[in-house]
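Visitor: After the structure tokens below, expect a handful of questions from me.
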Amino acid sequence: MGILDHVTNAKPTAGIRAVIAGVEKVGKTTLAANSPRCLLVPLEQGYGGITVHKTPMLGTYNEVIQLLDETTAKAQAGQFPFKTLAFDSATALERLIHEAVLMSDPTWARGNRKALTMESALGGYGKAYQYANELFAAFLQRCDVLATYGGINIVLTCHVFAARIVDPMSGEYDSWDLLLHSPKNQKSYGKREMLTQWADLIGFLHEPMFITKSGDKGMSMGVSANQGHVLAISRTPAYVAGNRYGAVGSIAIPKVGGWNHLAHAIYTASGIDCYNRD
């Protein structure tokens with residue numbers, strides 16, 4: 001049979017691939033843990049108060065890959081009881097990848113750890129970052145297998161930082177961006193670009209605020225807009241966000257059941273069902 005014999009217009013059955021970004025302590029991990037039948041994979045501290053099934057905190061890149069391989073084997077045997085793998089966080093995963101890259105340099109074994117950096121490792125000239133991209137790609141490929149063939153949702157939280165964006169059409173401006181490596185010359189890919197292209201949805205979780213002036217000196221201060229936490233899923237100059245489902249705007253995220261508010265927006269826009277019914 002040829003390729004054209006397999007053409008289909010059925011709704012996709014793959015798991016969603018989502019990134020929940022935001023500043024510290026805004027509720028990224030809580031929202032991710034509220035996804036359907038979630039297994040939380042902590043890669044850094046900050047999950048202690050969350051009641052959800054979780055693995056031990058993984059401390060190396062090899063342990064992360066081992067977990068994905070074990071999950072794939074269990075899923076193929078029909079023995080994986082979870083619907084979502086949530087990694088907390090992509091920023092911490094990058095640190096584990098960089099540690100693995102540095103440890104692969106021959107000078108690491110000679111006790112030259114403090115002098116070794118990602119800029120100098122493996123002979124310099126960006127070779128360490130290139131190898132790090134390969135390790136990150138291996139992680140994403142394993143996640144794709146679980147999402148595509150196992151129907152398992154893959155959710156990653158990610159820290160953000162205030163970045164200066166150079167836009168050829170609009171000039172320079174500040175924006176919240178994913179806290180991941182991105183090449184300075186803008187001519188090649190880093191893990192930031194790889195993750196944003198890979199994800200089906202990137203949501204920016206935040207509490208809307210406005211700036212007001214007060215006092216005799218007119219000091220500026222941030223004041224809550226009293227909207228609670230919202231998840232932005234459309235790109236604006238202020239933050240990175242977007243999705244492939246056709247959903248737009250921002251979604252109110254309550255402290256309890258926040259995931260289903262996101263699931264409703266996805267279902268309304270695309271008919272894809274990722275509700276948490278547990």
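Following the order of the structure tokens, first chain is A, next is B, and so on, with residues numbered from 1 inside each chain and ligands from 1 in the order they appear.
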So which residues touch Leu201 in chain A within 7 Å, counting only C-alpha atoms, skipping near sequence neighbours fewer than 6 positions away, as a list in words?
Guide: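 Using only C-alpha atoms, the neighbours found are Arg17, Ala18, Val19, Gly242, Asn243 and Arg244 of chain A.
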Visitor: Could you pull the residues within 9 Å of Ala163 in chain A, counting only C-alpha atoms, minus those fewer than 3 positions along the same chain, as a PyMOL selection string?
Guide: chain A and resi 160+173-178
Visitor: Counting only C-alpha atoms, which residue out of A:Gly151, A:Gly246, A:Gly15, A:Pro106 sits closest to Ser270 in chain A?
Guide: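 Nearest candidate to Ser270 in chain A out of A:Gly151, A:Gly246, A:Gly15, A:Pro106: A:Gly246.
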Visitor: Compare A:Ile253, A:Leu116, A:Val23, A:Ala137 by their minimum atom-to-atom distance to Gln197 in chain A, counting only C-alpha atoms, and give me the closest one.
Guide: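 Ranked by minimum distance to Gln197 in chain A, first place goes to A:Ala137.
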Visitor: List every residue of range 14-243 of chain A that DSSP, applied to the backbone, labels as alpha helix (DSSP H), and write the result as number ranges by chain.
Guide: A: 28-33, 61-76, 90-103, 106-109, 127-150, 191-198
Visitor: Need to verify the contact set: Gly49 in chain A, 12 Å, only C-alpha atoms, exclusion of same-chain residues closer than 3 positions in sequence. Can you return it as a VMD selection string?
Guide: chain A and resid 25 27 29 to 30 33 45 to 46 52 54
Visitor: At a cut-off of 8 Å, using only C-alpha atoms, what residues contact Glu119 in chain A? Leave out same-chain residues fewer than 5 positions from it and give the result as a PyMOL selection string.
Guide: chain A and resi 124-126+128-129
Visitor: Got time to write the residues from that selection, all heavy atoms, as a PDB file, in the first residue's frame?
Guide:
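Writing done, so here's result-v9.pdb:
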ATOM      1  N   GLY A 124      35.260  23.819  22.866  1.00  0.00           N
ATOM      2  CA  GLY A 124      34.728  25.152  22.609  1.00  0.00           C
ATOM      3  C   GLY A 124      34.025  25.271  21.271  1.00  0.00           C
ATOM      4  O   GLY A 124      33.582  24.289  20.680  1.00  0.00           O
ATOM      5  N   TYR A 125      33.893  26.487  20.785  1.00  0.00           N
ATOM      6  CA  TYR A 125      33.259  26.802  19.494  1.00  0.00           C
ATOM      7  C   TYR A 125      31.803  26.314  19.428  1.00  0.00           C
ATOM      8  O   TYR A 125      31.317  25.915  18.368  1.00  0.00           O
ATOM      9  CB  TYR A 125      34.058  26.206  18.336  1.00  0.00           C
ATOM     10  CG  TYR A 125      35.459  26.744  18.243  1.00  0.00           C
ATOM     11  CD1 TYR A 125      36.528  25.996  18.710  1.00  0.00           C
ATOM     12  CD2 TYR A 125      35.699  28.007  17.698  1.00  0.00           C
ATOM     13  CE1 TYR A 125      37.826  26.492  18.645  1.00  0.00           C
ATOM     14  CE2 TYR A 125      36.996  28.510  17.629  1.00  0.00           C
ATOM     15  CZ  TYR A 125      38.053  27.757  18.104  1.00  0.00           C
ATOM     16  OH  TYR A 125      39.324  28.259  18.042  1.00  0.00           O
ATOM     17  N   GLY A 126      31.112  26.307  20.569  1.00  0.00           N
ATOM     18  CA  GLY A 126      29.706  25.932  20.586  1.00  0.00           C
ATOM     19  C   GLY A 126      29.440  24.439  20.551  1.00  0.00           C
ATOM     20  O   GLY A 126      28.276  24.022  20.478  1.00  0.00           O
ATOM     21  N   ALA A 128      29.738  22.189  22.893  1.00  0.00           N
ATOM     22  CA  ALA A 128      29.017  21.701  24.070  1.00  0.00           C
ATOM     23  C   ALA A 128      27.525  21.993  23.949  1.00  0.00           C
ATOM     24  O   ALA A 128      26.682  21.152  24.272  1.00  0.00           O
ATOM     25  CB  ALA A 128      29.588  22.348  25.331  1.00  0.00           C
ATOM     26  N   TYR A 129      27.187  23.185  23.465  1.00  0.00           N
ATOM     27  CA  TYR A 129      25.772  23.520  23.297  1.00  0.00           C
ATOM     28  C   TYR A 129      25.132  22.672  22.203  1.00  0.00           C
ATOM     29  O   TYR A 129      23.965  22.305  22.288  1.00  0.00           O
ATOM     30  CB  TYR A 129      25.617  25.010  22.976  1.00  0.00           C
ATOM     31  CG  TYR A 129      25.807  25.904  24.178  1.00  0.00           C
ATOM     32  CD1 TYR A 129      26.876  26.792  24.250  1.00  0.00           C
ATOM     33  CD2 TYR A 129      24.914  25.852  25.250  1.00  0.00           C
ATOM     34  CE1 TYR A 129      27.044  27.611  25.354  1.00  0.00           C
ATOM     35  CE2 TYR A 129      25.073  26.665  26.361  1.00  0.00           C
ATOM     36  CZ  TYR A 129      26.149  27.544  26.406  1.00  0.00           C
ATOM     37  OH  TYR A 129      26.314  28.350  27.510  1.00  0.00           O
TER      38      TYR A 129
END
Visitor: Using only C-alpha atoms, which of A:Ala265, A:Met57, A:Val41, A:Ile16 sits nearest Thr157 in chain A?
Guide: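 That would be A:Val41, the residue with the smallest distance to Thr157 in chain A.
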Visitor: Choose the residue, out of A:Thr268, A:Asn34, A:Asn260, A:Thr117, that has the smallest atom-to-atom separation from Tyr245 in chain A; count only C-alpha atoms.
Guide: A:Thr268
Visitor: In Å to one decimal, how far is CA of Leu43 in chain A from CA of Leu231 in chain A?
Guide: 22.8 Å
Visitor: Interatomic distance between CA of Gly249 in chain A and CA of Asp273 in chain A?
Guide: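 Distance reported for this atom pair: 19.1 Å.
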Visitor: Could you check which of A:Asp167, A:Phe161, A:Thr91, A:Ala138 is closest to Leu180 in chain A, using only C-alpha atoms?
Guide: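 Checking each of A:Asp167, A:Phe161, A:Thr91, A:Ala138 against Leu180 in chain A, counting only C-alpha atoms, the winner is A:Thr91.
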Visitor: Based on DSSP run over this structure's backbone, return all residues of range 129-252 of chain A in strand (DSSP E or B), as a count of residues only.
Guide: 51
Visitor: Find the residue from A:Ala247, A:Ala162, A:Leu156, A:Met194 that sits nearest to Leu135 in chain A; use only C-alpha atoms when measuring.
Guide: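 Closest candidate: A:Met194.
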Visitor: For Asn133 in chain A, find every residue with an atom within 10 Å (counting only C-alpha atoms), except residues of its own chain fewer than 6 positions away, and show them as a ChimeraX atom specification.
Guide: /A:94,97-98,127,139,181,189-192,194
Visitor: Applying 7 Å and only C-alpha atoms, which residues near Pro254 in chain A remain after dropping the ones on its own chain fewer than 3 positions away? List them as a PDB file with N, CA, C and O atoms, in the first residue's frame.
Guide:
ATOM      1  N   HIS A 229      -5.364  34.317  38.942  1.00  0.00           N
ATOM      2  CA  HIS A 229      -4.378  33.824  37.982  1.00  0.00           C
ATOM      3  C   HIS A 229      -5.052  33.511  36.651  1.00  0.00           C
ATOM      4  O   HIS A 229      -6.145  32.954  36.611  1.00  0.00           O
ATOM      5  N   GLY A 257      -9.070  22.815  40.224  1.00  0.00           N
ATOM      6  CA  GLY A 257      -9.680  22.457  38.949  1.00  0.00           C
ATOM      7  C   GLY A 257      -9.262  23.328  37.789  1.00  0.00           C
ATOM      8  O   GLY A 257      -9.978  23.419  36.788  1.00  0.00           O
ATOM      9  N   GLY A 258      -8.110  23.958  37.902  1.00  0.00           N
ATOM     10  CA  GLY A 258      -7.678  24.875  36.858  1.00  0.00           C
ATOM     11  C   GLY A 258      -7.449  24.221  35.513  1.00  0.00           C
ATOM     12  O   GLY A 258      -7.698  24.830  34.470  1.00  0.00           O
TER      13      GLY A 258
END
Visitor: For Ala14 in chain A, please output as a VMD selection string all residues within 10 Å (counting only C-alpha atoms; exclusion window: fewer than 2 positions along the same chain).
Guide: chain A and resid 11 to 12 16 to 17 144 to 153 272
